[in-house]
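Coordinates from final_19.txt are shown below (compact mmCIF, C-alpha atoms).
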# COMPACT_ATOMS: atom_id res chain seq x y z
CA MET A 39 101.36 128.73 117.16
CA ASP A 40 98.93 129.65 119.97
CA SER A 41 98.86 133.47 120.18
CA LEU A 42 99.48 133.53 123.96
CA ILE A 43 102.43 131.16 123.61
CA LYS A 44 103.88 133.30 120.79
CA LYS A 45 103.43 136.46 122.88
CA LEU A 46 105.02 134.81 125.90
CA LYS A 47 108.02 133.69 123.88
CA GLU A 48 108.47 137.23 122.55
CA GLU A 49 108.21 138.64 126.06
CA ILE A 50 110.72 136.13 127.43
CA ILE A 51 113.19 137.02 124.66
CA ASP A 52 112.68 140.72 125.34
CA HIS A 53 112.71 140.63 129.16
CA LEU A 54 115.62 138.23 129.45
CA ASN A 55 117.51 139.96 126.64
CA LEU A 56 118.03 136.74 124.69
CA GLU A 57 119.79 138.34 121.74
CA GLY A 58 119.76 136.36 118.53
CA LEU A 59 116.84 134.10 119.50
CA THR A 60 113.43 134.13 117.77
CA PRO A 61 110.14 132.65 119.11
CA ASP A 62 110.62 129.72 116.74
CA ASP A 63 113.92 128.84 118.47
CA ILE A 64 112.09 128.19 121.75
CA ASN A 65 110.25 124.90 122.08
CA GLU A 66 107.25 125.58 124.34
CA LYS A 67 107.45 122.07 125.79
CA GLU A 68 111.15 122.21 126.66
CA PRO A 69 112.30 123.05 130.22
CA LEU A 70 113.07 126.72 130.82
CA PHE A 71 115.57 126.03 133.61
CA GLY A 72 118.58 123.75 133.72
CA GLU A 73 118.24 122.21 130.27
CA GLY A 74 116.40 123.86 127.35
CA LEU A 75 116.93 127.60 127.61
CA GLY A 76 119.22 127.10 130.63
CA LEU A 77 117.75 129.92 132.69
CA ASP A 78 118.79 130.57 136.30
CA SER A 79 117.39 132.03 139.54
CA ILE A 80 117.77 135.66 138.41
CA ASP A 81 115.74 134.84 135.30
CA ALA A 82 113.11 133.31 137.60
CA LEU A 83 112.73 136.70 139.31
CA GLU A 84 112.39 138.35 135.90
CA LEU A 85 109.64 135.88 134.95
CA ILE A 86 107.77 136.50 138.23
CA LEU A 87 107.79 140.22 137.45
CA LEU A 88 106.71 139.51 133.88
CA LEU A 89 103.60 137.73 135.20
CA GLU A 90 102.87 140.53 137.66
CA ARG A 91 103.40 143.44 135.30
CA GLY A 92 102.10 141.93 132.08
CA TYR A 93 99.19 139.83 133.32
CA GLY A 94 98.38 141.15 136.82
CA ILE A 95 99.20 137.79 138.40
CA LYS A 96 100.98 137.94 141.74
CA LEU A 97 102.66 134.70 142.71
CA GLU A 98 101.55 134.23 146.35
CA ASN A 99 103.05 130.80 146.95
CA PRO A 100 106.73 130.53 145.88
CA GLN A 101 106.43 126.71 145.96
CA GLU A 102 104.15 126.94 142.93
CA GLY A 103 106.93 128.57 140.90
CA LYS A 104 108.71 125.36 140.00
CA LYS A 105 105.56 123.96 138.41
CA ILE A 106 104.46 127.20 136.71
CA PHE A 107 107.85 127.92 135.17
CA THR A 108 108.54 124.40 133.93
CA SER A 109 108.06 125.45 130.30
CA VAL A 110 106.45 128.14 128.17
CA GLU A 111 103.42 125.86 127.85
CA THR A 112 102.93 125.57 131.65
CA MET A 113 103.36 129.34 132.01
CA ALA A 114 100.69 129.95 129.36
CA GLU A 115 98.34 127.50 131.08
CA TYR A 116 98.80 129.23 134.44
CA ILE A 117 98.14 132.65 132.83
CA ARG A 118 94.92 131.39 131.22
CA GLN A 119 93.65 130.15 134.55
CA ASN A 120 94.66 133.14 136.67
CA LYS A 121 94.66 136.26 134.44
CA LYS A 122 92.80 139.14 136.07
CA MET B 187 160.52 146.53 142.24
CA ALA B 188 160.01 147.23 138.53
CA ALA B 189 156.61 146.97 136.85
CA TYR B 190 156.28 145.96 133.21
CA ILE B 191 153.43 146.16 130.74
CA ASN B 192 153.12 142.67 129.25
CA GLY B 193 149.77 143.00 127.54
CA ALA B 194 147.86 145.96 126.09
CA GLN B 195 144.59 145.89 124.15
CA ALA B 196 142.05 148.58 123.36
CA ILE B 197 138.63 148.98 121.82
CA SER B 198 138.11 152.54 120.67
CA PRO B 199 136.42 154.61 117.94
CA GLN B 200 139.37 153.64 115.71
CA ASP B 201 140.51 150.24 114.41
CA THR B 202 142.62 149.48 117.45
CA PHE B 203 141.26 146.14 118.63
CA LEU B 204 143.87 143.37 118.18
CA ASN B 205 145.91 145.87 116.19
CA PRO B 206 149.64 145.67 117.00
CA GLN B 207 150.05 149.15 115.54
CA ILE B 208 148.48 152.55 115.94
CA PRO B 209 146.13 153.01 112.96
CA VAL B 210 147.60 155.44 110.46
CA GLU B 211 144.26 156.21 108.82
CA LEU B 212 141.94 157.92 111.29
CA LYS B 213 138.17 157.50 111.18
CA GLU B 214 136.52 160.88 111.04
CA TYR B 215 133.55 161.73 113.29
CA GLN B 216 131.51 164.92 113.11
CA GLY B 217 129.45 163.97 116.19
CA ILE B 218 129.82 161.38 118.98
CA MET B 219 132.83 159.09 118.62
CA LEU B 220 131.51 155.56 119.13
CA ASN B 221 133.59 152.41 119.46
CA VAL B 222 134.39 150.16 116.53
CA LEU B 223 133.15 146.88 118.00
CA PRO B 224 134.14 143.29 117.24
CA ASP B 225 131.51 140.60 116.66
CA PHE B 226 130.61 139.60 120.22
CA LYS B 227 129.08 136.32 119.02
CA ASN B 228 132.66 135.10 118.61
CA TYR B 229 133.14 135.54 122.35
CA PHE B 230 129.82 134.87 124.09
CA SER B 231 126.78 132.60 123.66
CA PRO B 232 123.31 134.23 123.51
CA ILE B 233 122.65 132.93 127.04
CA GLU B 234 125.86 134.55 128.34
CA MET B 235 125.11 137.81 126.54
CA ARG B 236 121.66 138.20 128.09
CA ARG B 237 123.06 139.99 131.11
CA MET B 238 125.75 141.89 129.29
CA SER B 239 125.16 145.43 128.19
CA ARG B 240 127.28 146.98 125.47
CA ILE B 241 129.96 148.29 127.85
CA ILE B 242 130.21 144.95 129.69
CA LYS B 243 130.72 143.19 126.38
CA PHE B 244 133.37 145.51 124.99
CA SER B 245 135.16 145.77 128.30
CA SER B 246 135.20 141.98 128.89
CA VAL B 247 136.39 141.24 125.37
CA THR B 248 139.25 143.75 125.66
CA ALA B 249 140.29 142.16 128.96
CA ALA B 250 140.08 138.63 127.53
CA GLU B 251 142.31 139.46 124.58
CA CYS B 252 144.76 141.30 126.83
CA ILE B 253 145.12 138.27 129.12
CA LYS B 254 145.54 136.05 126.06
CA GLU B 255 148.23 138.33 124.62
CA ALA B 256 150.26 138.36 127.83
CA ASN B 257 149.98 134.54 128.03
CA THR B 258 149.64 134.85 131.77
CA GLU B 259 148.97 131.65 133.67
CA LYS B 260 147.46 133.29 136.72
CA ILE B 261 146.04 136.74 137.34
CA ASP B 262 146.72 137.90 140.90
CA ALA B 263 144.39 140.91 140.88
CA ILE B 264 141.82 142.66 138.71
CA ILE B 265 141.64 146.44 138.97
CA THR B 266 139.21 148.41 136.85
CA GLY B 267 138.57 152.12 136.55
CA THR B 268 135.55 153.92 135.18
CA GLY B 269 134.17 157.42 135.49
CA LEU B 270 130.49 156.75 134.85
CA GLY B 271 130.37 152.94 134.86
CA CYS B 272 127.66 151.08 133.00
CA LEU B 273 125.83 154.19 131.96
CA GLU B 274 123.27 152.69 129.58
CA ASP B 275 121.95 150.30 132.22
CA THR B 276 122.06 152.90 134.97
CA GLN B 277 119.74 154.99 132.80
CA LYS B 278 117.51 151.97 132.11
CA PHE B 279 117.34 151.16 135.82
CA LEU B 280 116.53 154.73 136.85
CA ASN B 281 113.94 155.10 134.08
CA LYS B 282 112.28 151.85 135.20
CA MET B 283 112.22 153.15 138.77
CA LEU B 284 110.35 156.21 137.58
CA ASP B 285 108.03 154.34 135.20
CA ASN B 286 107.08 151.71 137.80
CA ASN B 287 106.81 154.12 140.70
CA GLU B 288 109.76 152.51 142.48
CA SER B 289 108.16 149.06 142.56
CA MET B 290 108.51 145.80 140.63
CA LEU B 291 112.09 146.51 139.58
CA THR B 292 113.88 143.75 137.72
CA PRO B 293 117.25 142.53 139.01
CA THR B 294 119.07 142.40 135.67
CA THR B 295 119.33 146.12 135.00
CA PHE B 296 120.50 146.68 138.56
CA ILE B 297 123.16 143.97 138.22
CA GLN B 298 124.31 145.50 134.93
CA SER B 299 124.31 149.06 136.17
CA THR B 300 127.00 148.88 138.83
CA HIS B 301 130.49 150.24 138.19
CA ASN B 302 132.16 146.98 139.23
CA THR B 303 130.10 144.65 137.00
CA PRO B 304 132.80 144.33 134.29
CA GLY B 305 135.42 143.56 136.97
CA GLY B 306 133.16 140.83 138.37
CA ILE B 307 132.39 139.31 134.97
CA ILE B 308 136.10 139.20 134.09
CA ALA B 309 136.85 137.55 137.44
CA LEU B 310 134.20 134.86 136.86
CA ALA B 311 135.34 134.24 133.29
CA ASN B 312 138.95 133.76 134.41
CA LYS B 313 138.15 132.06 137.72
CA CYS B 314 140.17 134.78 139.45
CA TYR B 315 138.87 135.10 142.99
CA GLU B 316 141.71 137.30 144.21
CA TYR B 317 141.83 141.06 144.88
CA ASN B 318 139.19 142.79 142.77
CA MET B 319 138.82 146.56 142.92
CA THR B 320 137.01 149.21 140.89
CA TYR B 321 137.96 152.87 141.09
CA ALA B 322 135.36 155.47 140.16
CA HIS B 323 137.42 158.62 140.59
CA LYS B 324 136.19 160.55 137.58
CA THR B 325 139.12 161.52 135.34
CA LEU B 326 141.62 159.87 137.68
CA SER B 327 139.83 156.50 137.77
CA PHE B 328 142.20 154.70 135.45
CA GLU B 329 145.35 156.26 136.87
CA SER B 330 144.22 155.24 140.39
CA CYS B 331 144.11 151.64 139.13
CA LEU B 332 147.65 151.91 137.84
CA LEU B 333 148.86 153.30 141.15
CA ASP B 334 147.16 150.45 142.99
CA ALA B 335 148.74 147.93 140.61
CA VAL B 336 152.23 149.36 141.19
CA LEU B 337 151.70 149.10 144.95
CA LEU B 338 150.54 145.49 144.62
CA ILE B 339 153.60 144.64 142.53
CA LYS B 340 155.73 146.12 145.33
CA GLU B 341 153.88 143.82 147.75
CA GLY B 342 154.88 140.80 145.69
CA LYS B 343 151.95 140.20 143.30
CA LYS B 344 153.12 139.02 139.88
CA ASN B 345 150.46 139.71 137.25
CA ILE B 346 147.71 142.27 137.54
CA LEU B 347 144.98 143.07 135.06
CA VAL B 348 144.29 146.79 134.93
CA GLY B 349 141.63 148.38 132.75
CA GLY B 350 139.81 151.62 132.08
CA PHE B 351 136.42 151.84 130.35
CA ASP B 352 133.58 154.28 129.76
CA GLU B 353 130.69 154.53 127.35
CA ILE B 354 128.68 157.40 125.95
CA THR B 355 124.93 157.18 125.44
CA GLU B 356 122.66 159.43 123.44
CA GLU B 357 120.69 160.38 126.57
CA ASN B 358 123.83 161.36 128.47
CA TYR B 359 125.19 163.20 125.44
CA ASN B 360 121.99 165.23 125.12
CA LEU B 361 121.94 166.05 128.85
CA ARG B 362 125.51 167.32 128.78
CA LYS B 363 124.75 169.33 125.67
CA HIS B 364 122.73 171.65 127.92
CA ILE B 365 125.84 172.62 129.86
CA ASN B 366 127.81 173.19 126.66
CA GLN B 367 130.32 170.41 127.26
CA TRP B 368 130.55 169.36 123.64
CA LYS B 369 131.77 170.95 120.47
CA GLU B 370 128.99 172.38 118.40
CA GLU B 371 128.25 169.88 115.61
CA PRO B 372 129.41 169.30 112.99
CA PHE B 373 132.99 169.33 114.22
CA SER B 374 135.61 166.85 113.07
CA ASN B 375 137.79 164.95 115.52
CA LEU B 376 140.66 165.65 113.12
CA ASP B 377 140.46 169.35 113.97
CA ILE B 378 140.68 169.32 117.76
CA TYR B 379 144.27 170.51 118.16
CA ASP B 380 144.59 174.29 118.47
CA CYS B 381 141.04 174.84 117.19
CA GLY B 382 140.44 177.86 119.42
CA THR B 383 136.88 177.00 120.45
CA SER B 384 135.38 175.68 123.66
CA GLY B 385 133.86 172.23 124.26
CA TYR B 386 135.20 168.82 123.35
CA LYS B 387 134.36 165.68 121.38
CA ALA B 388 132.46 162.92 123.18
CA GLY B 389 134.21 159.57 123.01
CA GLU B 390 134.34 156.17 124.65
CA GLY B 391 136.53 153.11 124.90
CA SER B 392 138.14 150.41 126.94
CA ALA B 393 141.81 149.60 127.33
CA TYR B 394 143.30 146.79 129.40
CA PHE B 395 146.86 146.03 130.45
CA ILE B 396 148.73 143.26 132.20
CA ILE B 397 151.12 144.82 134.69
CA SER B 398 153.74 142.31 135.73
CA SER B 399 156.76 142.06 137.99
CA GLN B 400 158.69 140.13 135.33
CA LYS B 401 159.76 141.05 131.82
CA THR B 402 158.67 138.55 129.16
CA GLY B 403 158.80 138.19 125.39
CA SER B 404 155.57 140.17 125.08
CA THR B 405 156.71 143.11 127.23
CA TYR B 406 155.89 146.50 125.76
CA ALA B 407 157.60 148.79 128.24
CA GLU B 408 158.52 149.42 131.82
CA LEU B 409 156.00 151.41 133.82
CA LYS B 410 158.41 153.85 135.38
CA LEU B 411 156.14 156.39 137.01
CA VAL B 412 152.47 156.97 137.84
CA ASP B 413 151.71 160.24 139.55
CA LEU B 414 148.48 162.05 140.35
CA TYR B 415 148.42 165.74 141.15
CA TYR B 416 145.34 167.61 142.28
CA LYS B 417 144.79 171.31 141.48
CA SER B 418 148.02 173.06 140.67
CA LYS B 419 148.32 176.60 142.02
CA ASN B 420 150.34 177.69 139.02
CA ILE B 421 152.65 176.36 136.35
CA ASN B 422 155.62 176.61 138.73
CA SER B 423 154.13 174.27 141.33
CA LEU B 424 153.12 171.85 138.58
CA SER B 425 156.62 171.97 137.05
CA GLU B 426 158.25 171.44 140.43
CA ASN B 427 156.05 168.41 141.04
CA ILE B 428 156.86 166.86 137.67
CA GLU B 429 160.60 167.39 138.12
CA ASN B 430 160.57 165.92 141.64
CA LYS B 431 158.54 162.90 140.61
CA LEU B 432 160.72 162.23 137.58
CA GLN B 433 163.76 162.45 139.83
CA SER B 434 162.25 159.93 142.24
CA ALA B 435 161.91 157.58 139.26
CA GLY B 436 165.58 158.13 138.40
CA LEU B 437 164.85 160.40 135.44
CA LEU B 438 165.68 163.97 134.49
CA LEU B 439 163.55 166.21 132.31
CA GLU B 440 166.07 165.75 129.51
CA ASP B 441 165.56 161.99 129.60
CA ILE B 442 162.00 162.37 128.34
CA ASP B 443 161.99 162.03 124.55
CA LEU B 444 158.31 162.42 123.80
CA VAL B 445 155.42 163.95 125.73
CA ILE B 446 151.93 162.84 124.77
CA PHE B 447 149.34 165.36 125.86
CA GLY B 448 145.62 164.93 126.47
CA TYR B 449 144.58 167.88 124.29
CA ASN B 450 140.83 167.53 123.81
CA GLY B 451 140.04 170.63 121.77
CA ASP B 452 138.58 172.73 124.58
CA SER B 453 140.49 176.00 124.36
CA ASN B 454 139.52 176.84 127.97
CA THR B 455 141.49 173.92 129.37
CA ASP B 456 143.99 173.05 126.64
CA ILE B 457 145.97 176.11 127.76
CA TYR B 458 147.25 174.06 130.72
CA TYR B 459 148.83 171.62 128.29
CA ASP B 460 150.29 174.55 126.34
CA GLN B 461 151.96 175.87 129.49
CA VAL B 462 153.65 172.55 130.24
CA LYS B 463 154.56 172.03 126.59
CA ASP B 464 156.07 175.48 126.09
CA THR B 465 157.94 175.78 129.37
CA LEU B 466 158.98 172.46 130.85
CA PHE B 467 159.19 170.30 127.72
CA LYS B 468 160.05 172.73 124.94
CA HIS B 469 162.99 170.59 123.78
CA GLN B 470 161.03 167.32 123.61
CA ASP B 471 158.85 165.87 120.88
CA HIS B 472 155.13 166.46 121.39
CA GLY B 473 152.13 164.34 120.52
CA TYR B 474 148.45 163.95 121.41
CA TYR B 475 145.78 161.23 121.23
CA LYS B 476 142.20 162.39 121.80
CA HIS B 477 141.54 162.90 118.08
CA TYR B 478 141.64 159.07 118.05
CA CYS B 479 139.30 158.35 120.95
CA GLY B 480 137.46 161.52 121.97
CA GLU B 481 137.14 162.68 125.57
CA TYR B 482 135.87 160.48 128.40
CA ASP B 483 136.84 159.97 132.01
CA THR B 484 139.20 157.07 131.37
CA SER B 485 140.61 158.30 128.05
CA ALA B 486 144.14 158.24 129.55
CA SER B 487 143.90 154.44 129.25
CA PHE B 488 143.72 154.87 125.47
CA GLY B 489 146.71 157.23 125.70
CA LEU B 490 148.62 154.50 127.52
CA TRP B 491 147.65 151.93 124.88
CA MET B 492 149.01 154.28 122.22
CA THR B 493 152.21 154.81 124.21
CA THR B 494 152.85 151.05 124.49
CA ARG B 495 152.84 150.81 120.67
CA ILE B 496 155.08 153.86 120.27
CA ILE B 497 157.67 152.54 122.72
CA LYS B 498 157.71 149.00 121.39
CA GLN B 499 158.02 149.98 117.74
CA ASN B 500 159.95 153.22 118.20
CA HIS B 501 157.49 154.66 115.73
CA VAL B 502 155.08 157.56 116.02
CA PRO B 503 152.48 158.01 113.25
CA GLU B 504 152.55 161.46 111.67
CA ASN B 505 149.06 162.36 112.87
CA VAL B 506 150.07 161.83 116.52
CA PHE B 507 152.72 164.55 116.34
CA ILE B 508 152.05 168.14 117.24
CA SER B 509 155.56 169.24 116.34
CA GLU B 510 158.14 167.85 113.96
CA ARG B 511 159.98 164.81 115.22
CA LYS B 512 163.38 165.69 116.65
CA LYS B 513 164.44 162.53 118.47
CA GLU B 514 165.69 159.45 116.65
CA LYS B 515 165.13 156.93 119.40
CA ILE B 516 162.25 157.05 121.85
CA ASN B 517 163.32 155.65 125.20
CA ASN B 518 161.08 157.49 127.66
CA VAL B 519 157.57 158.77 127.01
CA LEU B 520 155.56 160.92 129.39
CA LEU B 521 151.79 160.73 129.08
CA TYR B 522 150.18 163.81 130.60
CA ASN B 523 146.45 164.21 131.12
CA GLN B 524 144.45 166.77 133.09
CA GLU B 525 140.91 167.94 133.57
CA ASP B 526 140.29 171.63 133.98
CA ASN B 527 143.59 172.12 135.86
CA LYS B 528 142.29 169.82 138.60
CA ASN B 529 143.01 166.16 137.99
CA HIS B 530 146.54 166.00 136.60
CA SER B 531 148.16 162.65 135.87
CA PHE B 532 151.65 161.76 134.69
CA ILE B 533 152.60 158.30 133.46
CA VAL B 534 156.11 157.49 132.24
CA LEU B 535 156.86 154.43 130.12
CA SER B 536 160.41 153.43 129.33
CA ALA B 537 161.79 151.14 126.66
CA CYS B 538 163.27 147.93 128.03

Since I need it in another form, could you write the structure as structure tokens?
Amino acid sequence: MDSLIKKLKEEIIDHLNLEGLTPDDINEKEPLFGEGLGLDSIDALELILLLERGYGIKLENPQEGKKIFTSVETMAEYIRQNKK
Amino acid sequence: MAAYINGAQAISPQDTFLNPQIPVELKEYQGIMLNVLPDFKNYFSPIEMRRMSRIIKFSSVTAAECIKEANTEKIDAIITGTGLGCLEDTQKFLNKMLDNNESMLTPTTFIQSTHNTPGGIIALANKCYEYNMTYAHKTLSFESCLLDAVLLIKEGKKNILVGGFDEITEENYNLRKHINQWKEEPFSNLDIYDCGTSGYKAGEGSAYFIISSQKTGSTYAELKLVDLYYKSKNINSLSENIENKLQSAGLLLEDIDLVIFGYNGDSNTDIYYDQVKDTLFKHQDHGYYKHYCGEYDTSASFGLWMTTRIIKQNHVPENVFISERKKEKINNVLLYNQEDNKNHSFIVLSAC
């Protein structure tokens, strides 16, 4: 598993307090919201703060959020392109 | 309008959860008395649990089982009481505020840290969008809920969920150690009565009740009296108050068969219980309960849970008694709790 993807999965489990889940339980291609992990709008705020605190990326355009947070894979891709 | 207790469940440092009886064997604690918890995975999915701290989980599960026990179709109100609320998450939230210099705070710890979070979660789980209130009145938090419930029953509500809950955390325990609130460790919870030293045992728990206007097959007892009394000038004024309030509930002192006191092992404040025990109720049976649950702001809710079992089964375990049992049948039990001669509460349950 890509080291960034593994780290992201661990951070998501930790930040969203997903007790009982391991990184292997999360499919990086599956949707984070609705289906897949079934996250909601409060989790979205947690993920925005995760990007800001962990990677120094401030989400300027909220419209981008939907695309960035589609899956763990899209999050990792966005981090690679924008990490400061 | 009479009020009945049709459901009563408690999670505590003893094996009380889903237990129809008061445990005879007591768990011994030399330090903090922490809850014996059920497996929460039987109640919540990992996704549901992600926004539930420990206290939210144990409080919600107690409420769920209480509603199930009472077999109530519709809950008309949810009233919760807590002294310190969701303490663990309040600490997390405040620590994050400090660590992050009051910026970039996450919403989850804030959501989890409020006193009324358990009340809200229970409402959502049961689709109960009616009256929902949380009282945070320190050691009278739970009793304030009961009073509110009685008033709502008088207004025509039928089934009300009432609960008291508090948790202890290591951080809070250590902070309060500095003001000598606790017993010096090691000190067994089995030794709190008449120990002659200051300080008390830290405990925690949650207890929920269904207060109803109708008696059913699952009824434990009638809730005959709930009374709060703030700062008694002396034993005479306290005695006068108790007598008057009992009278207003149609009872005389002699009608009380058993008094359960909130002795917590602090010799500085247990003397107030001694005064009431040795003057007003010297002819009654005497018991106590905080060696089961420790001391916390809503510990009277555990006392009430214990009283429901005593009344229903007409049985008092030996280790609840302070004195030898004198009465054959227990019809009326008075539960008396107080904090430092300030927050006095009296609850009377009657067999029905």

Wanna dump the chain A-chain B contacts at 7 Å for me, each residue with its shortest atom pair and the distance in Å to one decimal, counting all atoms listed in the file, ordered by chain and number, as a Markdown table?
| residue | atom | partner | partner_atom | distance |
| --- | --- | --- | --- | --- |
| A:Leu54 | CA | B:Arg236 | CA | 6.2 |
| A:Asn55 | CA | B:Arg236 | CA | 4.7 |
| A:Leu56 | CA | B:Arg236 | CA | 5.2 |
| A:Glu57 | CA | B:Pro232 | CA | 5.7 |
| A:Gly58 | CA | B:Pro232 | CA | 6.5 |
| A:Ile80 | CA | B:Pro293 | CA | 6.9 |
| A:Glu84 | CA | B:Thr292 | CA | 5.9 |
| A:Leu87 | CA | B:Met290 | CA | 6.5 |

- Message: With only C-alpha atoms as the counted atoms, please give the residues lying no more than 12 Å from Gly74 of chain A, apart from itself and same-chain residues fewer than 2 positions off, as a ChimeraX atom specification.
- Response: /A:63-72,76-78,108-110 /B:233

With a cut-off of 12 Å, could you pull out the residues of segment 302-414 of chain B touching segment 434-445 of chain B and give me the nearest pair of atoms for each, distance in Å to one decimal, using only C-alpha atoms, ordered by chain and ascending number, as CSV?
residue,atom,partner,partner_atom,distance
B:Glu408,CA,B:Ala435,CA,11.6
B:Leu409,CA,B:Ala435,CA,10.1
B:Lys410,CA,B:Ala435,CA,6.4
B:Leu411,CA,B:Ala435,CA,6.3
B:Val412,CA,B:Ala435,CA,9.6
B:Asp413,CA,B:Ala435,CA,10.5

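We find atom CA of Ser245 of chain B and atom CA of Glu49 of chain A to be spaced 28.0 Å apart.
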
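Atom CA of Asn518 of chain B is found 6.8 Å from atom CA of Val534 of chain B.
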
- Item | segment 482-488 of chain B environment, 8 Å, only C-alpha atoms, sequence neighbours closer than 4 positions dropped, as a ChimeraX atom specification | /B:196,198,267-270,324-329,349-353,388-394,448,475-476,492,523

- What lies within 7 Å of Pro304 of chain B using all atoms listed in the file, ignoring chain neighbours under 3 positions off, as number ranges by chain? B: 242, 245-246, 307-308

- Query: Within 6 Å of segment 365-375 of chain B, counting all atoms listed in the file, which residues qualify if same-chain residues fewer than 3 places away don't, as JSON, numbers by chain?
  - Reply: {"B": [215, 216, 362, 378, 385, 386, 387, 477]}
